[in-house]
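query03.cif follows (mmCIF, C-alpha atoms):
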data_protein
#
loop_
_atom_site.label_atom_id
_atom_site.label_comp_id
_atom_site.auth_asym_id
_atom_site.auth_seq_id
_atom_site.Cartn_x
_atom_site.Cartn_y
_atom_site.Cartn_z
CA MET A 1 4.32 -1.19 -1.22
CA MET A 2 1.83 -2.02 -3.95
CA HIS A 3 3.18 -5.50 -4.59
CA PRO A 4 0.64 -7.64 -2.70
CA MET A 5 3.20 -10.25 -1.68
CA PHE A 6 5.80 -7.88 -0.25
CA LYS A 7 4.25 -4.57 0.91
CA THR A 8 6.47 -3.29 3.74
CA ALA A 9 8.01 -6.73 4.35
CA PHE A 10 10.36 -6.18 1.41
CA LEU A 11 11.69 -2.96 2.91
CA ARG A 12 12.15 -4.61 6.30
CA SER A 13 13.98 -7.55 4.72
CA MET A 14 16.39 -5.06 3.15
CA GLY A 15 17.16 -3.69 6.62
CA TRP A 16 15.42 -0.35 6.25
CA PRO A 17 14.86 1.51 9.54
CA GLU A 18 11.20 1.88 10.55
CA GLU A 19 11.50 5.65 10.09
CA TRP A 20 12.30 5.17 6.40
CA ILE A 21 9.43 2.74 6.00
CA GLU A 22 7.06 5.23 7.61
CA ASN A 23 8.32 7.89 5.19
CA VAL A 24 7.60 5.59 2.24
CA LYS A 25 4.10 4.94 3.61
CA MET A 26 3.55 8.68 3.91
CA ILE A 27 4.72 9.26 0.33
CA VAL A 28 2.42 6.52 -0.98
CA GLN A 29 -0.47 7.93 1.10
CA ASN A 30 0.16 11.42 -0.32
CA ILE A 31 0.18 10.08 -3.88
CA TRP A 32 -3.06 8.19 -3.15
CA GLU A 33 -4.78 11.25 -1.68
CA LYS A 34 -3.59 13.67 -4.35
CA ASN A 35 -4.07 11.59 -7.48
CA TYR A 36 -6.41 8.66 -6.87
CA GLN A 37 -8.57 8.90 -3.77
CA LYS A 38 -10.79 11.59 -5.26
CA GLU A 39 -11.83 9.08 -7.92
CA THR A 40 -13.03 6.53 -5.38
CA GLN A 41 -16.68 5.79 -5.90
CA GLU A 42 -19.24 4.43 -3.47
CA PRO A 43 -18.20 0.85 -2.66
CA LYS A 44 -20.44 -1.88 -4.00
CA ALA A 45 -22.47 -4.03 -1.63
CA PRO A 46 -21.32 -7.63 -1.22
CA SER A 47 -22.80 -9.90 -3.85
CA GLN A 48 -25.18 -12.56 -2.61
CA THR A 49 -24.50 -14.66 -5.70
CA ASP A 50 -20.72 -14.64 -5.43
CA SER A 51 -20.02 -16.02 -1.98
CA LEU A 52 -16.32 -16.55 -2.72
CA HIS A 53 -15.74 -12.82 -2.77
CA GLU A 54 -18.08 -11.76 0.03
CA ILE A 55 -15.36 -11.67 2.67
CA ASP A 56 -13.04 -9.66 0.42
CA ASP A 57 -15.89 -7.31 -0.48
CA TRP A 58 -16.71 -6.89 3.20
CA ARG A 59 -13.13 -6.01 4.10
CA TYR A 60 -13.08 -3.07 1.72
CA ASN A 61 -16.70 -2.00 2.01
CA ASN A 62 -16.93 -1.81 5.79
CA GLY A 63 -14.17 0.77 6.04
CA SER A 64 -14.54 4.28 4.81
CA GLU A 65 -14.16 4.51 1.06
CA ASN A 66 -11.45 7.06 1.78
CA ASP A 67 -9.08 4.62 3.39
CA ALA A 68 -8.95 1.87 0.78
CA LEU A 69 -5.17 2.27 0.69
CA GLN A 70 -4.91 1.96 4.47
CA THR A 71 -7.17 -1.09 4.39
CA TYR A 72 -4.98 -2.69 1.72
CA LEU A 73 -1.76 -1.96 3.60
CA ALA A 74 -3.20 -3.29 6.87
CA LEU A 75 -4.09 -6.65 5.31
CA GLU A 76 -1.59 -9.49 5.51
CA PRO A 77 0.54 -9.88 2.37
CA VAL A 78 -0.74 -12.33 -0.24
CA LEU A 79 1.25 -15.52 0.26
CA ARG A 80 1.61 -16.41 -3.40
CA CYS A 81 1.61 -13.72 -6.00
CA GLU A 82 3.99 -14.35 -8.85
CA ASP A 83 2.51 -11.63 -11.04
CA PRO A 84 1.39 -8.47 -9.23
CA ILE A 85 0.03 -6.97 -12.45
CA GLU A 86 -2.24 -9.98 -12.95
CA TYR A 87 -3.27 -9.77 -9.28
CA TRP A 88 -4.34 -6.12 -9.52
CA VAL A 89 -6.10 -6.62 -12.87
CA SER A 90 -8.15 -9.43 -11.33
CA GLN A 91 -8.92 -7.27 -8.28
CA GLN A 92 -10.02 -4.46 -10.57
CA ASN A 93 -12.08 -6.72 -12.86
CA THR A 94 -13.97 -8.32 -9.98
CA GLN A 95 -14.37 -4.96 -8.20
CA ILE A 96 -13.01 -6.44 -4.97
CA VAL A 97 -11.03 -3.26 -4.38
CA PRO A 98 -11.95 0.26 -5.45
CA ALA A 99 -10.90 0.85 -9.06
CA PRO A 100 -8.67 3.84 -8.21
CA LEU A 101 -6.60 1.72 -5.81
CA ALA A 102 -6.09 -0.95 -8.45
CA GLN A 103 -5.30 1.74 -11.02
CA MET A 104 -2.66 3.27 -8.75
CA ALA A 105 -1.03 -0.12 -8.19
CA LEU A 106 -1.08 -0.93 -11.91
CA GLU A 107 0.44 2.41 -12.86
CA TYR A 108 3.27 2.16 -10.35
CA LEU A 109 4.00 -1.53 -10.79
CA GLY A 110 3.79 -1.13 -14.55
CA ALA A 111 6.43 1.60 -14.64
CA PRO A 112 9.44 0.48 -16.65
CA GLY A 113 12.02 -1.24 -14.52
CA VAL A 114 9.99 -1.57 -11.34
CA TYR A 115 8.54 -5.03 -11.89
CA PHE A 116 11.73 -6.32 -13.51
CA PHE A 117 13.82 -5.04 -10.58
CA ILE A 118 11.58 -6.83 -8.07
CA PHE A 119 11.61 -9.96 -10.25
CA CYS A 120 15.43 -9.98 -10.31
CA LEU A 121 15.68 -9.56 -6.56
CA TYR A 122 13.59 -12.62 -5.84
CA THR A 123 14.65 -14.99 -8.59
CA ASP A 124 17.87 -16.46 -9.95
CA PHE A 125 17.57 -14.36 -13.09
#
Go through the file and emit its structure as structure tokens.
Amino acid sequence: MMHPMFKTAFLRSMGWPEEWIENVKMIVQNIWEKNYQKETQEPKAPSQTDSLHEIDDWRYNNGSENDALQTYLALEPVLRCEDPIEYWVSQQNTQIVPAPLAQMALEYLGAPGVYFFIFCLYTDF
């Protein structure tokens, strides 16, 4: 779910029933609410000097700060993302997404075996 290129598409491609996918979404939402959402700070206003990120800033800042996870999941998957860790670090460093959302993604994607498992599924490793 937190891999920006796959999100729920990976689960669908594996033939998971929608009910299972909804259960996974609910589990991720519960983890977000229990462990990360409380840390969400007031979103920053779009930068006038960094026009490249204004649209991304707007997407996250115009929703409630409480549904940053829902906003992320509702966005289309990133078409090219070979390294999800690098992706989330860049999102966190540029403050495009709330820091707690990036932190959650980094902690779960950085868990031993998770990234390597996904890598093996989509490569000829």
Box along x, y and z, 4 Å on every side, all listed atoms of stretch 88-102 of chain A inside: centre and edge lengths in Å to one decimal, as JSON.
{"center_x": -9.4, "center_y": -2.8, "center_z": -8.6, "size_x": 18.0, "size_y": 21.3, "size_z": 16.5}
Result set, the PyMOL selection byres ((chain A and resi 84) around 9) on current file, as a PDB file with C-alpha atoms, keeping the file's coordinate frame:
ATOM      1  CA  MET A   2       1.830  -2.020  -3.950  1.00  0.00           C
ATOM      2  CA  HIS A   3       3.180  -5.500  -4.590  1.00  0.00           C
ATOM      3  CA  PRO A   4       0.640  -7.640  -2.700  1.00  0.00           C
ATOM      4  CA  MET A   5       3.200 -10.250  -1.680  1.00  0.00           C
ATOM      5  CA  CYS A  81       1.610 -13.720  -6.000  1.00  0.00           C
ATOM      6  CA  GLU A  82       3.990 -14.350  -8.850  1.00  0.00           C
ATOM      7  CA  ASP A  83       2.510 -11.630 -11.040  1.00  0.00           C
ATOM      8  CA  ILE A  85       0.030  -6.970 -12.450  1.00  0.00           C
ATOM      9  CA  GLU A  86      -2.240  -9.980 -12.950  1.00  0.00           C
ATOM     10  CA  TYR A  87      -3.270  -9.770  -9.280  1.00  0.00           C
ATOM     11  CA  TRP A  88      -4.340  -6.120  -9.520  1.00  0.00           C
ATOM     12  CA  VAL A  89      -6.100  -6.620 -12.870  1.00  0.00           C
ATOM     13  CA  ALA A 105      -1.030  -0.120  -8.190  1.00  0.00           C
ATOM     14  CA  LEU A 106      -1.080  -0.930 -11.910  1.00  0.00           C
ATOM     15  CA  LEU A 109       4.000  -1.530 -10.790  1.00  0.00           C
ATOM     16  CA  TYR A 115       8.540  -5.030 -11.890  1.00  0.00           C
TER      17      TYR A 115
END
Computed gap from atom CA of A:Trp20 to atom CA of A:Pro98 is 27.4 Å
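Using the PyMOL selection byres ((chain A and resi 33) around 12) on this structure selects Met26, Ile27, Val28, Gln29, Asn30, Ile31, Trp32, Lys34, Asn35, Tyr36, Gln37, Lys38, Glu39, Thr40, Glu65, Asn66, Asp67, Ala68, Leu69, Gln70, Pro100, Leu101 and Met104 of chain A.
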So what do you get for atom CA of A:Gln92 versus atom CA of A:Met1, distance-wise?
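If I compute the distance from atom CA of A:Gln92 to atom CA of A:Met1, I get 17.4 Å.
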Separating atom CA of A:Gly110 from atom CA of A:Gly15, to the nearest tenth of an Å, is a gap of 25.2 Å
When you count all atoms listed in the file, which of these residues is closest to A:Thr8: A:Leu73, A:Ala102, A:Asn93, A:Asn23?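 The answer is A:Leu73, which sits nearest to A:Thr8.
With only C-alpha atoms as the basis for measurement, A:Tyr72 is the residue among A:Arg80, A:Tyr72, A:Ala111, A:Pro17 that approaches A:Ile96 most closely.
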Incomplete stretch 3-15 of chain A filled out to N, CA, C and O atoms as a PDB file, in the coordinates of the input:
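Once everything was written out, this is selection04.pdb:
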ATOM      1  N   HIS A   3       3.082  -4.087  -4.247  1.00  0.00           N
ATOM      2  CA  HIS A   3       3.180  -5.500  -4.590  1.00  0.00           C
ATOM      3  C   HIS A   3       2.509  -6.275  -3.468  1.00  0.00           C
ATOM      4  O   HIS A   3       2.949  -6.218  -2.317  1.00  0.00           O
ATOM      5  N   PRO A   4       1.430  -7.003  -3.758  1.00  0.00           N
ATOM      6  CA  PRO A   4       0.640  -7.640  -2.700  1.00  0.00           C
ATOM      7  C   PRO A   4       1.382  -8.695  -1.888  1.00  0.00           C
ATOM      8  O   PRO A   4       0.988  -8.995  -0.769  1.00  0.00           O
ATOM      9  N   MET A   5       2.473  -9.220  -2.413  1.00  0.00           N
ATOM     10  CA  MET A   5       3.200 -10.250  -1.680  1.00  0.00           C
ATOM     11  C   MET A   5       4.241  -9.647  -0.733  1.00  0.00           C
ATOM     12  O   MET A   5       4.605 -10.267   0.254  1.00  0.00           O
ATOM     13  N   PHE A   6       4.702  -8.442  -1.019  1.00  0.00           N
ATOM     14  CA  PHE A   6       5.800  -7.880  -0.250  1.00  0.00           C
ATOM     15  C   PHE A   6       5.394  -6.725   0.664  1.00  0.00           C
ATOM     16  O   PHE A   6       5.810  -6.684   1.816  1.00  0.00           O
ATOM     17  N   LYS A   7       4.640  -5.753   0.138  1.00  0.00           N
ATOM     18  CA  LYS A   7       4.250  -4.570   0.910  1.00  0.00           C
ATOM     19  C   LYS A   7       5.457  -4.031   1.672  1.00  0.00           C
ATOM     20  O   LYS A   7       6.509  -3.834   1.076  1.00  0.00           O
ATOM     21  N   THR A   8       5.345  -3.818   2.971  1.00  0.00           N
ATOM     22  CA  THR A   8       6.470  -3.290   3.740  1.00  0.00           C
ATOM     23  C   THR A   8       7.467  -4.374   4.124  1.00  0.00           C
ATOM     24  O   THR A   8       8.583  -4.071   4.532  1.00  0.00           O
ATOM     25  N   ALA A   9       7.102  -5.646   3.987  1.00  0.00           N
ATOM     26  CA  ALA A   9       8.010  -6.730   4.350  1.00  0.00           C
ATOM     27  C   ALA A   9       9.290  -6.685   3.522  1.00  0.00           C
ATOM     28  O   ALA A   9      10.378  -6.995   4.023  1.00  0.00           O
ATOM     29  N   PHE A  10       9.172  -6.292   2.266  1.00  0.00           N
ATOM     30  CA  PHE A  10      10.360  -6.180   1.410  1.00  0.00           C
ATOM     31  C   PHE A  10      11.325  -5.164   1.978  1.00  0.00           C
ATOM     32  O   PHE A  10      12.530  -5.411   2.072  1.00  0.00           O
ATOM     33  N   LEU A  11      10.825  -4.015   2.376  1.00  0.00           N
ATOM     34  CA  LEU A  11      11.690  -2.960   2.910  1.00  0.00           C
ATOM     35  C   LEU A  11      12.354  -3.415   4.214  1.00  0.00           C
ATOM     36  O   LEU A  11      13.536  -3.151   4.437  1.00  0.00           O
ATOM     37  N   ARG A  12      11.592  -4.097   5.049  1.00  0.00           N
ATOM     38  CA  ARG A  12      12.150  -4.610   6.300  1.00  0.00           C
ATOM     39  C   ARG A  12      13.245  -5.659   6.024  1.00  0.00           C
ATOM     40  O   ARG A  12      14.271  -5.695   6.695  1.00  0.00           O
ATOM     41  N   SER A  13      12.998  -6.511   5.038  1.00  0.00           N
ATOM     42  CA  SER A  13      13.980  -7.550   4.720  1.00  0.00           C
ATOM     43  C   SER A  13      15.284  -6.948   4.184  1.00  0.00           C
ATOM     44  O   SER A  13      16.335  -7.571   4.287  1.00  0.00           O
ATOM     45  N   MET A  14      15.204  -5.752   3.649  1.00  0.00           N
ATOM     46  CA  MET A  14      16.390  -5.060   3.150  1.00  0.00           C
ATOM     47  C   MET A  14      17.084  -4.262   4.259  1.00  0.00           C
ATOM     48  O   MET A  14      18.068  -3.584   4.010  1.00  0.00           O
ATOM     49  N   GLY A  15      16.528  -4.343   5.478  1.00  0.00           N
ATOM     50  CA  GLY A  15      17.160  -3.690   6.620  1.00  0.00           C
ATOM     51  C   GLY A  15      16.846  -2.215   6.766  1.00  0.00           C
ATOM     52  O   GLY A  15      17.565  -1.498   7.459  1.00  0.00           O
TER      53      GLY A  15
END
